[in-house]
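The next block is entry.txt, given as compact mmCIF, C-alpha atoms and all ligand atoms.
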# COMPACT_ATOMS: atom_id res chain seq x y z
CA MET A 1 179.00 -94.24 -44.13
CA GLU A 2 178.56 -92.51 -40.81
CA LYS A 3 176.45 -89.88 -42.52
CA GLN A 4 173.97 -92.39 -43.81
CA ASN A 5 173.60 -94.16 -40.50
CA ARG A 6 173.17 -91.01 -38.49
CA ALA A 7 169.73 -90.47 -37.01
CA SER A 8 167.59 -87.54 -38.12
CA PHE A 9 164.42 -85.88 -36.89
CA GLY A 10 161.23 -86.36 -38.93
CA GLY A 11 159.46 -83.41 -40.53
CA LYS A 12 159.44 -79.67 -40.11
CA LEU A 13 157.19 -79.77 -37.09
CA SER A 14 159.38 -82.26 -35.24
CA VAL A 15 162.40 -80.09 -35.73
CA ILE A 16 160.59 -77.06 -34.34
CA LEU A 17 159.14 -78.95 -31.38
CA VAL A 18 162.43 -80.54 -30.44
CA ALA A 19 164.39 -77.28 -30.62
CA ALA A 20 161.61 -75.36 -28.87
CA GLY A 21 161.63 -78.10 -26.25
CA SER A 22 165.24 -77.33 -25.50
CA ALA A 23 164.62 -73.60 -25.47
CA ILE A 24 161.45 -73.52 -23.39
CA GLY A 25 162.28 -74.45 -19.83
CA LEU A 26 162.97 -72.92 -16.46
CA GLY A 27 164.29 -69.87 -18.33
CA ALA A 28 160.88 -69.03 -19.78
CA ILE A 29 158.64 -70.15 -16.95
CA TRP A 30 160.68 -69.34 -13.88
CA ARG A 31 163.26 -66.71 -14.76
CA PHE A 32 161.55 -64.53 -17.35
CA PRO A 33 158.40 -63.38 -15.53
CA TYR A 34 160.30 -62.10 -12.55
CA ILE A 35 163.02 -60.29 -14.49
CA ALA A 36 160.43 -58.70 -16.74
CA GLY A 37 158.22 -57.60 -13.87
CA GLU A 38 161.11 -55.90 -12.10
CA ASN A 39 162.73 -54.33 -15.13
CA GLY A 40 160.09 -52.31 -16.85
CA GLY A 41 157.41 -54.90 -17.68
CA ALA A 42 156.22 -54.61 -21.25
CA ALA A 43 159.16 -52.36 -22.08
CA PHE A 44 161.49 -55.14 -20.96
CA LEU A 45 159.57 -57.46 -23.21
CA LEU A 46 160.39 -55.12 -26.07
CA VAL A 47 164.11 -55.15 -25.22
CA PHE A 48 163.98 -58.92 -24.86
CA MET A 49 162.35 -59.22 -28.28
CA LEU A 50 165.04 -56.99 -29.80
CA SER A 51 167.72 -59.14 -28.13
CA ILE A 52 166.18 -62.26 -29.57
CA PHE A 53 166.17 -60.74 -33.01
CA ALA A 54 169.60 -59.08 -32.93
CA VAL A 55 171.48 -61.75 -31.02
CA GLY A 56 169.49 -64.90 -30.34
CA ILE A 57 168.23 -65.78 -33.82
CA PRO A 58 171.49 -65.02 -35.68
CA ALA A 59 173.51 -67.00 -33.14
CA MET A 60 171.05 -69.89 -33.37
CA LEU A 61 171.35 -69.82 -37.16
CA ALA A 62 175.14 -70.00 -36.99
CA GLU A 63 174.86 -73.01 -34.68
CA PHE A 64 172.28 -74.68 -36.89
CA ALA A 65 174.58 -74.24 -39.89
CA VAL A 66 177.61 -75.66 -38.09
CA GLY A 67 175.64 -78.65 -36.81
CA ARG A 68 173.82 -79.54 -39.98
CA ARG A 69 176.82 -79.15 -42.24
CA SER A 70 179.05 -81.38 -40.15
CA ARG A 71 176.47 -83.84 -38.81
CA LYS A 72 178.54 -84.44 -35.72
CA ASN A 73 178.53 -83.88 -31.98
CA ALA A 74 179.56 -80.40 -30.77
CA VAL A 75 183.29 -81.11 -30.63
CA GLY A 76 183.37 -83.13 -33.84
CA ALA A 77 181.32 -80.47 -35.60
CA PHE A 78 183.70 -77.60 -34.95
CA ARG A 79 186.71 -79.80 -35.56
CA SER A 80 185.44 -81.01 -38.91
CA LEU A 81 184.83 -77.45 -40.10
CA ALA A 82 188.11 -76.08 -38.84
CA LYS A 83 190.57 -78.02 -36.79
CA ARG A 84 191.77 -75.04 -34.84
CA TRP A 85 188.24 -74.24 -33.71
CA SER A 86 187.53 -77.50 -31.95
CA TRP A 87 187.99 -75.75 -28.60
CA LEU A 88 184.60 -74.12 -29.26
CA GLY A 89 183.06 -77.57 -29.16
CA TYR A 90 184.84 -78.32 -25.88
CA SER A 91 183.56 -75.07 -24.45
CA GLY A 92 180.05 -76.25 -25.35
CA VAL A 93 180.62 -79.58 -23.66
CA LEU A 94 181.91 -77.77 -20.59
CA GLY A 95 178.79 -75.56 -20.64
CA ALA A 96 176.58 -78.63 -20.80
CA LEU A 97 178.45 -80.13 -17.85
CA LEU A 98 178.07 -77.00 -15.75
CA ILE A 99 174.38 -76.67 -16.55
CA SER A 100 173.93 -80.33 -15.63
CA GLY A 101 175.50 -79.47 -12.29
CA TYR A 102 172.56 -77.33 -11.19
CA TYR A 103 169.62 -77.52 -13.59
CA TYR A 104 168.57 -81.02 -12.54
CA LEU A 105 168.42 -79.99 -8.92
CA ILE A 106 166.03 -77.12 -9.63
CA ALA A 107 164.03 -79.30 -12.01
CA GLY A 108 163.86 -81.84 -9.17
CA TRP A 109 162.15 -79.26 -6.96
CA SER A 110 159.24 -79.19 -9.40
CA LEU A 111 159.03 -82.96 -9.21
CA GLU A 112 158.90 -82.87 -5.42
CA TYR A 113 156.18 -80.24 -5.50
CA LEU A 114 154.27 -82.27 -8.05
CA VAL A 115 154.42 -85.34 -5.84
CA SER A 116 153.49 -83.50 -2.66
CA SER A 117 150.59 -81.82 -4.49
CA LEU A 118 149.35 -85.18 -5.68
CA THR A 119 149.63 -86.79 -2.27
CA GLY A 120 148.11 -83.68 -0.71
CA SER A 121 150.89 -83.35 1.84
CA LEU A 122 151.79 -79.86 0.59
CA TYR A 123 148.35 -78.54 1.51
CA ASN A 124 147.45 -80.71 4.47
CA SER A 125 150.20 -79.39 6.66
CA ASP A 126 150.03 -76.44 9.03
CA ILE A 127 153.60 -75.44 8.32
CA ALA A 128 153.98 -72.23 6.31
CA PHE A 129 155.12 -72.67 2.71
CA THR A 130 158.31 -70.69 3.32
CA GLN A 131 159.17 -73.12 6.09
CA GLN A 132 158.16 -76.13 4.01
CA PHE A 133 160.50 -74.94 1.26
CA ALA A 134 163.33 -74.38 3.76
CA ASP A 135 162.78 -77.80 5.35
CA PHE A 136 162.80 -79.39 1.94
CA GLN A 137 166.09 -77.66 1.11
CA ASP A 138 167.58 -78.89 4.37
CA SER A 139 166.75 -82.51 3.68
CA TRP A 140 168.15 -85.07 1.26
CA LEU A 141 165.05 -84.81 -0.89
CA PRO A 142 166.40 -82.25 -3.41
CA LEU A 143 169.24 -84.62 -4.24
CA ILE A 144 166.93 -87.62 -4.47
CA TYR A 145 164.48 -85.80 -6.77
CA GLY A 146 167.38 -84.37 -8.78
CA VAL A 147 168.67 -87.90 -9.36
CA ILE A 148 165.17 -89.10 -10.30
CA PHE A 149 165.04 -86.27 -12.83
CA ILE A 150 168.39 -87.33 -14.26
CA LEU A 151 167.12 -90.91 -14.58
CA MET A 152 163.95 -89.75 -16.35
CA THR A 153 166.11 -87.78 -18.76
CA HIS A 154 168.38 -90.78 -19.19
CA PHE A 155 165.42 -92.98 -20.03
CA ILE A 156 164.38 -90.69 -22.90
CA VAL A 157 167.85 -89.96 -24.28
CA SER A 158 169.00 -93.57 -24.17
CA ARG A 159 166.07 -94.57 -26.36
CA GLY A 160 167.68 -92.60 -29.15
CA VAL A 161 167.20 -89.48 -31.20
CA GLU A 162 164.00 -90.47 -32.99
CA LYS A 163 162.29 -92.85 -30.57
CA GLY A 164 163.43 -90.97 -27.49
CA ILE A 165 164.00 -87.26 -27.94
CA GLU A 166 161.73 -86.61 -30.91
CA LYS A 167 158.84 -88.69 -29.68
CA ALA A 168 158.99 -87.24 -26.17
CA SER A 169 159.04 -83.68 -27.49
CA LYS A 170 156.09 -84.33 -29.78
CA ILE A 171 154.03 -85.50 -26.84
CA MET A 172 155.24 -83.13 -24.15
CA MET A 173 155.36 -79.82 -26.01
CA PRO A 174 151.68 -79.71 -27.06
CA MET A 175 150.76 -80.79 -23.53
CA LEU A 176 152.77 -77.92 -22.16
CA PHE A 177 150.97 -75.39 -24.34
CA ILE A 178 147.54 -76.72 -23.45
CA ILE A 179 148.26 -76.65 -19.72
CA LEU A 180 149.69 -73.15 -19.90
CA ILE A 181 146.64 -71.83 -21.73
CA ILE A 182 144.25 -73.50 -19.28
CA MET A 183 146.15 -71.96 -16.38
CA ALA A 184 146.15 -68.50 -17.99
CA ILE A 185 142.38 -68.67 -18.47
CA ARG A 186 141.77 -69.91 -14.94
CA VAL A 187 143.88 -67.14 -13.47
CA ALA A 188 142.10 -64.44 -15.51
CA PHE A 189 138.95 -65.11 -13.50
CA MET A 190 140.59 -64.55 -10.15
CA PRO A 191 139.71 -61.37 -8.28
CA ASN A 192 142.21 -58.55 -8.74
CA ALA A 193 143.85 -60.31 -11.68
CA MET A 194 143.96 -56.91 -13.41
CA GLU A 195 146.53 -55.64 -10.97
CA GLY A 196 148.88 -58.45 -11.94
CA TYR A 197 148.49 -57.70 -15.63
CA ARG A 198 149.22 -54.08 -14.84
CA PHE A 199 152.40 -54.98 -12.97
CA PHE A 200 153.63 -57.37 -15.64
CA LEU A 201 152.65 -55.28 -18.61
CA SER A 202 153.33 -51.82 -17.30
CA CYS A 203 155.53 -49.97 -19.70
CA ASP A 204 158.50 -48.26 -18.12
CA PHE A 205 160.89 -47.33 -20.90
CA LYS A 206 163.31 -45.56 -18.58
CA GLU A 207 163.83 -48.81 -16.71
CA ALA A 208 164.02 -50.95 -19.83
CA PHE A 209 166.71 -49.09 -21.71
CA LYS A 210 169.26 -48.98 -18.92
CA ALA A 211 172.53 -50.74 -19.82
CA GLU A 212 172.02 -53.23 -17.03
CA THR A 213 168.56 -54.17 -18.21
CA ILE A 214 169.78 -54.66 -21.77
CA MET A 215 172.49 -56.96 -20.45
CA MET A 216 169.92 -58.97 -18.55
CA ALA A 217 167.69 -59.19 -21.60
CA ILE A 218 170.53 -60.49 -23.76
CA GLY A 219 171.60 -62.95 -21.07
CA GLN A 220 168.03 -64.15 -20.82
CA ALA A 221 167.89 -64.55 -24.60
CA PHE A 222 170.99 -66.79 -24.58
CA PHE A 223 169.86 -68.93 -21.71
CA SER A 224 166.30 -69.19 -22.90
CA LEU A 225 167.18 -70.03 -26.51
CA SER A 226 169.88 -72.54 -25.47
CA VAL A 227 172.49 -70.91 -27.69
CA GLY A 228 176.23 -70.67 -27.14
CA MET A 229 176.96 -74.11 -25.76
CA GLY A 230 176.71 -76.62 -28.54
CA CYS A 231 173.11 -77.57 -27.88
CA MET A 232 171.65 -76.28 -31.12
CA VAL A 233 174.76 -77.54 -32.96
CA THR A 234 174.06 -81.04 -31.69
CA TYR A 235 170.33 -80.87 -32.44
CA ALA A 236 170.92 -79.44 -35.92
CA SER A 237 173.20 -82.34 -36.70
CA TYR A 238 169.95 -84.36 -36.83
CA PHE A 239 168.15 -81.87 -39.10
CA LYS A 240 167.39 -82.78 -42.69
CA ASN A 241 168.86 -80.96 -45.66
CA ASN A 242 165.50 -79.53 -46.62
CA ASN A 243 164.66 -78.12 -43.17
CA ASN A 244 164.52 -74.36 -43.50
CA LEU A 245 166.87 -73.03 -40.84
CA ILE A 246 165.50 -69.49 -40.81
CA THR A 247 161.86 -70.48 -40.37
CA THR A 248 162.88 -72.99 -37.73
CA SER A 249 164.78 -70.42 -35.69
CA PHE A 250 161.92 -67.94 -35.99
CA ASN A 251 159.35 -70.46 -34.88
CA VAL A 252 161.47 -71.63 -31.97
CA SER A 253 162.05 -68.05 -30.83
CA LEU A 254 158.40 -67.08 -31.18
CA LEU A 255 157.26 -70.10 -29.20
CA THR A 256 159.78 -69.31 -26.48
CA LEU A 257 158.57 -65.74 -26.38
CA LEU A 258 154.96 -66.87 -26.27
CA VAL A 259 155.56 -69.22 -23.36
CA SER A 260 157.57 -66.57 -21.48
CA VAL A 261 154.70 -64.11 -21.82
CA LEU A 262 152.05 -66.69 -20.97
CA ALA A 263 154.00 -67.67 -17.86
CA GLY A 264 153.94 -64.04 -16.78
CA LEU A 265 150.24 -63.88 -17.50
CA VAL A 266 149.70 -66.85 -15.21
CA ILE A 267 152.00 -65.92 -12.37
CA PHE A 268 151.44 -62.20 -11.79
CA PRO A 269 147.65 -62.00 -11.83
CA ALA A 270 147.66 -64.95 -9.43
CA VAL A 271 150.17 -63.27 -7.14
CA PHE A 272 148.26 -60.01 -6.97
CA SER A 273 144.93 -61.70 -6.67
CA ALA A 274 146.16 -63.37 -3.50
CA GLY A 275 147.37 -60.01 -2.21
CA LEU A 276 150.99 -61.19 -2.22
CA GLN A 277 154.14 -59.46 -3.38
CA PRO A 278 156.02 -60.78 -6.39
CA THR A 279 159.22 -61.98 -4.72
CA GLU A 280 162.45 -63.03 -6.24
CA GLY A 281 163.66 -66.27 -7.75
CA PRO A 282 162.83 -69.71 -6.41
CA SER A 283 160.34 -68.55 -3.84
CA LEU A 284 158.07 -67.05 -6.50
CA ILE A 285 157.18 -70.47 -7.79
CA PHE A 286 157.70 -72.66 -4.77
CA VAL A 287 156.37 -70.46 -2.00
CA THR A 288 154.10 -67.81 -3.48
CA LEU A 289 152.22 -70.02 -5.90
CA PRO A 290 151.29 -72.71 -3.35
CA GLU A 291 149.95 -69.88 -1.22
CA ILE A 292 147.66 -68.91 -4.09
CA PHE A 293 146.56 -72.42 -4.93
CA LYS A 294 145.65 -72.93 -1.30
CA GLY A 295 142.93 -70.32 -1.59
CA MET A 296 141.39 -71.97 -4.65
CA PRO A 297 138.93 -74.83 -4.84
CA PHE A 298 140.76 -78.04 -5.84
CA ALA A 299 144.05 -76.60 -4.59
CA SER A 300 146.00 -79.83 -4.95
CA LEU A 301 144.76 -80.39 -8.47
CA TRP A 302 145.72 -76.92 -9.78
CA SER A 303 149.00 -77.13 -7.97
CA ALA A 304 149.73 -80.55 -9.46
CA ILE A 305 148.86 -79.27 -12.94
CA PHE A 306 151.18 -76.30 -12.53
CA PHE A 307 154.16 -78.28 -11.26
CA PHE A 308 153.57 -80.88 -13.95
CA LEU A 309 153.92 -78.03 -16.43
CA VAL A 310 157.21 -76.90 -14.91
CA MET A 311 158.42 -80.49 -14.94
CA LEU A 312 157.52 -80.99 -18.62
CA ALA A 313 159.23 -77.78 -19.66
CA SER A 314 162.35 -78.70 -17.70
CA LEU A 315 162.45 -82.23 -19.04
CA THR A 316 162.47 -81.20 -22.70
CA SER A 317 165.40 -78.93 -21.80
CA THR A 318 167.37 -81.45 -19.76
CA ILE A 319 167.21 -83.99 -22.59
CA SER A 320 168.88 -81.41 -24.84
CA PHE A 321 171.98 -80.89 -22.74
CA HIS A 322 172.08 -84.59 -21.86
CA GLU A 323 172.16 -85.19 -25.62
CA VAL A 324 175.08 -82.76 -26.09
CA LEU A 325 177.11 -84.93 -23.72
CA THR A 326 175.75 -88.27 -24.91
CA ALA A 327 176.55 -87.48 -28.55
CA TYR A 328 179.98 -86.27 -27.51
CA PHE A 329 180.83 -89.37 -25.48
CA SER A 330 179.44 -91.71 -28.07
CA GLU A 331 181.15 -90.20 -31.11
CA GLU A 332 184.41 -88.95 -29.63
CA LEU A 333 185.06 -91.81 -27.22
CA LYS A 334 183.50 -94.34 -29.61
CA LEU A 335 181.03 -95.66 -27.03
CA SER A 336 177.71 -97.26 -27.84
CA ARG A 337 174.79 -94.87 -27.44
CA LEU A 338 173.66 -96.60 -24.28
CA ALA A 339 177.14 -96.56 -22.75
CA ALA A 340 177.45 -92.87 -23.65
CA ALA A 341 174.08 -92.06 -22.07
CA ILE A 342 175.05 -93.96 -18.93
CA THR A 343 178.35 -92.06 -18.76
CA THR A 344 176.48 -88.77 -19.05
CA THR A 345 174.04 -89.84 -16.38
CA VAL A 346 176.77 -90.85 -13.96
CA VAL A 347 178.64 -87.59 -14.52
CA SER A 348 175.43 -85.58 -14.06
CA ILE A 349 174.71 -87.35 -10.77
CA ALA A 350 178.25 -86.68 -9.56
CA LEU A 351 177.98 -82.98 -10.44
CA SER A 352 174.57 -82.65 -8.80
CA LEU A 353 176.02 -84.27 -5.69
CA LEU A 354 178.83 -81.70 -5.71
CA THR A 355 176.36 -78.82 -5.98
CA PHE A 356 174.05 -80.32 -3.38
CA SER A 357 176.85 -80.86 -0.87
CA SER A 358 178.34 -77.34 -1.39
CA LEU A 359 181.76 -78.95 -0.92
CA PHE A 360 184.27 -76.47 0.59
CA GLY A 361 181.40 -74.11 1.25
CA ILE A 362 181.10 -73.07 -2.40
CA ASP A 363 177.73 -72.05 -3.83
CA TYR A 364 178.08 -74.10 -7.00
CA LEU A 365 174.55 -73.41 -8.17
CA ASN A 366 175.23 -69.71 -8.44
CA PHE A 367 178.77 -70.18 -9.68
CA PHE A 368 177.82 -72.63 -12.45
CA ASP A 369 174.86 -70.47 -13.44
CA LYS A 370 176.89 -67.26 -13.67
CA LEU A 371 179.77 -68.95 -15.47
CA THR A 372 177.52 -70.46 -18.14
CA ALA A 373 175.11 -67.57 -18.64
CA ASN A 374 177.63 -64.72 -18.43
CA VAL A 375 180.81 -66.23 -19.87
CA ILE A 376 180.51 -69.52 -21.73
CA MET A 377 177.28 -68.87 -23.61
CA PRO A 378 178.02 -65.31 -24.79
CA LEU A 379 181.59 -66.14 -25.82
CA GLY A 380 180.53 -69.44 -27.38
CA ALA A 381 177.84 -67.69 -29.41
CA MET A 382 180.13 -64.85 -30.43
CA PHE A 383 182.90 -67.11 -31.67
CA THR A 384 180.43 -69.37 -33.46
CA CYS A 385 179.19 -66.32 -35.37
CA VAL A 386 182.75 -65.29 -36.19
CA LEU A 387 183.59 -68.78 -37.38
CA ALA A 388 180.45 -69.09 -39.49
CA VAL A 389 180.70 -65.82 -41.41
CA TRP A 390 184.32 -64.69 -41.22
CA PHE A 391 186.34 -67.87 -41.07
CA MET A 392 184.20 -70.13 -43.26
CA GLY A 393 183.93 -67.51 -45.96
CA ASN A 394 180.93 -66.13 -47.80
CA LYS A 395 179.51 -69.32 -49.18
CA PHE A 396 179.00 -71.36 -46.05
CA MET A 397 176.16 -69.45 -44.39
CA LYS A 398 174.61 -68.59 -47.75
CA GLU A 399 174.39 -72.26 -48.67
CA GLU A 400 173.05 -73.34 -45.30
CA LEU A 401 170.49 -70.54 -44.94
CA THR A 402 169.12 -71.00 -48.44
CA ASN A 403 169.46 -74.79 -48.52
CA PHE A 404 171.85 -74.43 -51.43
CA GLY A 405 169.78 -71.83 -53.24
CA GLN A 406 166.35 -73.32 -52.66
CA CYS A 407 165.01 -70.77 -50.15
CA ASN A 408 164.64 -67.02 -50.12
CA LYS A 409 168.02 -65.39 -50.66
CA ASN A 410 167.10 -61.89 -49.51
CA ILE A 411 166.19 -62.91 -45.98
CA SER A 412 169.39 -64.90 -45.72
CA ARG A 413 171.35 -61.78 -46.74
CA ILE A 414 169.88 -59.85 -43.83
CA PHE A 415 171.02 -62.50 -41.37
CA ILE A 416 174.45 -62.84 -42.89
CA PHE A 417 174.85 -59.09 -42.57
CA MET A 418 173.77 -59.23 -38.93
CA LEU A 419 176.10 -62.15 -38.25
CA ARG A 420 178.99 -60.21 -39.73
CA TYR A 421 178.54 -56.76 -38.32
CA VAL A 422 175.91 -56.67 -35.61
CA THR A 423 175.61 -59.80 -33.49
CA PRO A 424 179.26 -60.49 -32.53
CA VAL A 425 179.91 -56.81 -31.87
CA LEU A 426 176.86 -56.52 -29.64
CA ILE A 427 177.77 -59.66 -27.71
CA PHE A 428 181.34 -58.46 -27.26
CA TYR A 429 180.20 -55.07 -26.03
CA ILE A 430 177.81 -56.57 -23.54
CA PHE A 431 180.35 -59.14 -22.40
CA ILE A 432 182.94 -56.47 -21.64
CA LYS A 433 180.42 -54.26 -19.89
CA ASN A 434 179.34 -57.22 -17.84
CA LEU A 435 182.92 -57.92 -16.79
CA ILE A 436 183.44 -54.35 -15.66
N1 LIG B 501 166.85 -73.01 -22.54
C1 LIG B 501 166.74 -73.76 -21.35
C2 LIG B 501 165.77 -73.06 -20.40
O1 LIG B 501 165.33 -71.99 -20.64
C3 LIG B 501 168.06 -73.97 -20.66
C4 LIG B 501 169.13 -74.52 -21.51
C5 LIG B 501 170.29 -73.82 -21.73
C6 LIG B 501 168.99 -75.76 -22.14
C7 LIG B 501 171.27 -74.30 -22.54
C8 LIG B 501 169.98 -76.25 -22.94
C9 LIG B 501 171.12 -75.53 -23.14
O2 LIG B 501 165.43 -73.58 -19.39
Can you present the structure in this file as structure tokens?
Ligand code: PHE
Amino acid sequence: MEKQNRASFGGKLSVILVAAGSAIGLGAIWRFPYIAGENGGAAFLLVFMLSIFAVGIPAMLAEFAVGRRSRKNAVGAFRSLAKRWSWLGYSGVLGALLISGYYYLIAGWSLEYLVSSLTGSLYNSDIAFTQQFADFQDSWLPLIYGVIFILMTHFIVSRGVEKGIEKASKIMMPMLFIILIIMAIRVAFMPNAMEGYRFFLSCDFKEAFKAETIMMAIGQAFFSLSVGMGCMVTYASYFKNNNNLITTSFNVSLLTLLVSVLAGLVIFPAVFSAGLQPTEGPSLIFVTLPEIFKGMPFASLWSAIFFFLVMLASLTSTISFHEVLTAYFSEELKLSRLAAAITTTVVSIALSLLTFSSLFGIDYLNFFDKLTANVIMPLGAMFTCVLAVWFMGNKFMKEELTNFGQCNKNISRIFIFMLRYVTPVLIFYIFIKNLI
């Protein structure tokens, strides 16, 4: 009965856009370009691609299989496959909670910058951008914009899986691609753009194959592909039986890769063209880029377009971890969908408040980020792989990857082999190295 009533995403394209929406976010646009630029450029890209193939795609496939087979929220999914594994679902829910504790705040920054670009206040002031960013951080505004972001997410998720999440992704994802391509073309015509391409695409293999770089690449693959915390399990519970899981995971990964590269092709040429240095983390987007826009005709317009892009990318990601929690609350606590979405929203606001207030002097943003990216996601992904191929036996993944014999069996064999012998071992190795 529950199975028949459960929502499902429309066609193949919807499934890809929704999952890519979760994957493509701050990870691709904000985190990737900087890490790549500093860790061997194009060579890092190669290591990142290998990580996606060896770790990201197999782990995503295991999650897809778990979600689609059980058609339940993260906790219910693991429990229904194997009672003793339900803790994996709880670890996913915990991951979603921790991410909610900081992601909205950063996403809110893009909203503030969008608004101040539109009103012109970002560019009409004499205060340096570094100072503007610091002043903004010192005010209540990050919390206010973070809460607005949560409410926007709430609005979409509470409308439901098809009318909310699917529809929003189908509108926002194509928009995101168009804007990114326009920006990349615009930037190519800036003076000195070549230098930026050279920085981003320089090929330093010595840098790229260091253990530390490989760890970063794998961490980036987890975060960027949203694997290891029940997100793809929850989304796959809305997939149809004839959706091809392997093609879906490939398309999602390729799109994520494409956006990561395009983001680098926008940011670095712009940075070098303005004669600036590519700096680390938040300031790259919120300080350096405004500096560049300022020197361009229609500064406010380009700036607004860019921050709109960051906002779109973040929003399709926030709805995915909001949905992990909403589905959990609704199915496990037997709440209506609206009540579950409201619960998630209230909890997300409370967590953002905690992070914003740095209660007891703790840097929650960093703590939550490290805990999810370095512990919860790798372990979650590793154990999901172990469950899917070792615990569930031979048939389970074979059936899910071939849609019960309807799709190519040889490709599925490759992934089952990787899931058995390569992916979990690699994750474990990296996890231990990371701990030491
Ligand atoms: N993949 C998202 C990004 O790159 C972040 C995310 C992680 C979303 C885990 C959902 C779950 O921004």
Pull the closest atom pair for each residue of chain A that gets at most 8 Å from ligand LIG 501 (chain B), along with the distance in Å to one decimal, counting only C-alpha atoms and all ligand atoms, ordering rows by chain and then ascending residue number, as CSV.
residue,atom,partner,partner_atom,distance
A:Ser22,CA,B:LIG501,C6,5.3
A:Ala23,CA,B:LIG501,N1,3.7
A:Ile24,CA,B:LIG501,O1,5.0
A:Gly25,CA,B:LIG501,O2,3.3
A:Leu26,CA,B:LIG501,O2,3.9
A:Gly27,CA,B:LIG501,O1,3.3
A:Ala28,CA,B:LIG501,O1,5.4
A:Ile29,CA,B:LIG501,O1,7.9
A:Gly95,CA,B:LIG501,C7,7.9
A:Ala96,CA,B:LIG501,C9,6.7
A:Ile99,CA,B:LIG501,C7,7.2
A:Phe222,CA,B:LIG501,C5,7.6
A:Phe223,CA,B:LIG501,C5,4.9
A:Ser224,CA,B:LIG501,O1,3.7
A:Leu225,CA,B:LIG501,N1,5.0
A:Ser226,CA,B:LIG501,C7,3.7
A:Val227,CA,B:LIG501,C7,6.3
A:Gly228,CA,B:LIG501,C7,7.7
A:Met229,CA,B:LIG501,C7,6.5
A:Gly230,CA,B:LIG501,C9,7.8
A:Cys231,CA,B:LIG501,C9,5.5
A:Ala313,CA,B:LIG501,O2,7.5
A:Ser314,CA,B:LIG501,O2,6.2
A:Ser317,CA,B:LIG501,C6,4.8
A:Thr318,CA,B:LIG501,C6,6.4
A:Ser320,CA,B:LIG501,C8,5.6
A:Phe321,CA,B:LIG501,C8,5.1
Just the residues within 12 Å of Gln137 of chain A, please, counting only C-alpha atoms, with nothing from its chain fewer than 2 positions along; format it as a JSON list (two decimals) with C-alpha atoms, keeping the file's coordinate frame.
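The new file out.json reads:
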[["chain", "number", "residue", "atom", "x", "y", "z"],
["A", 105, "LEU", "CA", 168.42, -79.99, -8.92],
["A", 106, "ILE", "CA", 166.03, -77.12, -9.63],
["A", 108, "GLY", "CA", 163.86, -81.84, -9.17],
["A", 109, "TRP", "CA", 162.15, -79.26, -6.96],
["A", 112, "GLU", "CA", 158.90, -82.87, -5.42],
["A", 130, "THR", "CA", 158.31, -70.69, 3.32],
["A", 131, "GLN", "CA", 159.17, -73.12, 6.09],
["A", 132, "GLN", "CA", 158.16, -76.13, 4.01],
["A", 133, "PHE", "CA", 160.50, -74.94, 1.26],
["A", 134, "ALA", "CA", 163.33, -74.38, 3.76],
["A", 135, "ASP", "CA", 162.78, -77.80, 5.35],
["A", 139, "SER", "CA", 166.75, -82.51, 3.68],
["A", 140, "TRP", "CA", 168.15, -85.07, 1.26],
["A", 141, "LEU", "CA", 165.05, -84.81, -0.89],
["A", 142, "PRO", "CA", 166.40, -82.25, -3.41],
["A", 143, "LEU", "CA", 169.24, -84.62, -4.24],
["A", 144, "ILE", "CA", 166.93, -87.62, -4.47],
["A", 145, "TYR", "CA", 164.48, -85.80, -6.77],
["A", 282, "PRO", "CA", 162.83, -69.71, -6.41],
["A", 283, "SER", "CA", 160.34, -68.55, -3.84],
["A", 286, "PHE", "CA", 157.70, -72.66, -4.77],
["A", 356, "PHE", "CA", 174.05, -80.32, -3.38],
["A", 357, "SER", "CA", 176.85, -80.86, -0.87]]
I want to know what sits within 12 Å of Leu426 of chain A, based on only C-alpha atoms, with residues of the same chain fewer than 2 positions away left out; could you give that as JSON, numbers by chain? {"A": [50, 51, 53, 54, 55, 56, 58, 59, 214, 215, 218, 219, 378, 379, 381, 382, 385, 418, 419, 420, 421, 422, 423, 424, 428, 429, 430, 431, 432, 433]}
Please identify all polymer residues within 10 Å of Leu301 of chain A, counting only C-alpha atoms, omitting same-chain residues fewer than 3 positions from it, and present them as a list of chain:residue names.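 Those residues are A:Leu114, A:Ser117, A:Leu118, A:Gly120, A:Phe293, A:Met296, A:Pro297, A:Phe298, A:Ala304, A:Ile305, A:Phe306.
Among the candidate residues A:Leu265, A:Val115, A:Val157, A:Met397, the one lying nearest to Met194 of chain A is A:Leu265, with distances computed using all atoms listed in the file.
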Atom-to-atom span, atom CA of Lys83 of chain A and atom CA of Ile376 of chain A, Å: 20.0 Å
Measuring between only C-alpha atoms, which one of A:Asp138, A:Asp369, A:Glu323, A:Glu212 shows the shortest distance to Leu435 of chain A? A:Glu212
From atom CA of Met175 of chain A to atom CA of Ala270 of chain A the spacing works out at 21.4 Å
Using only C-alpha atoms, which residue out of A:Ala74, A:Ala193, A:Cys203, A:Met172 lies closest to Ile267 of chain A? A:Ala193
For His154 of chain A, find every residue with an atom within 12 Å (counting all atoms listed in the file), except residues of its own chain fewer than 4 positions away, and show them as number ranges by chain. A: 104, 147-150, 158-160, 164-165, 315-316, 318-323, 325-326, 337-349
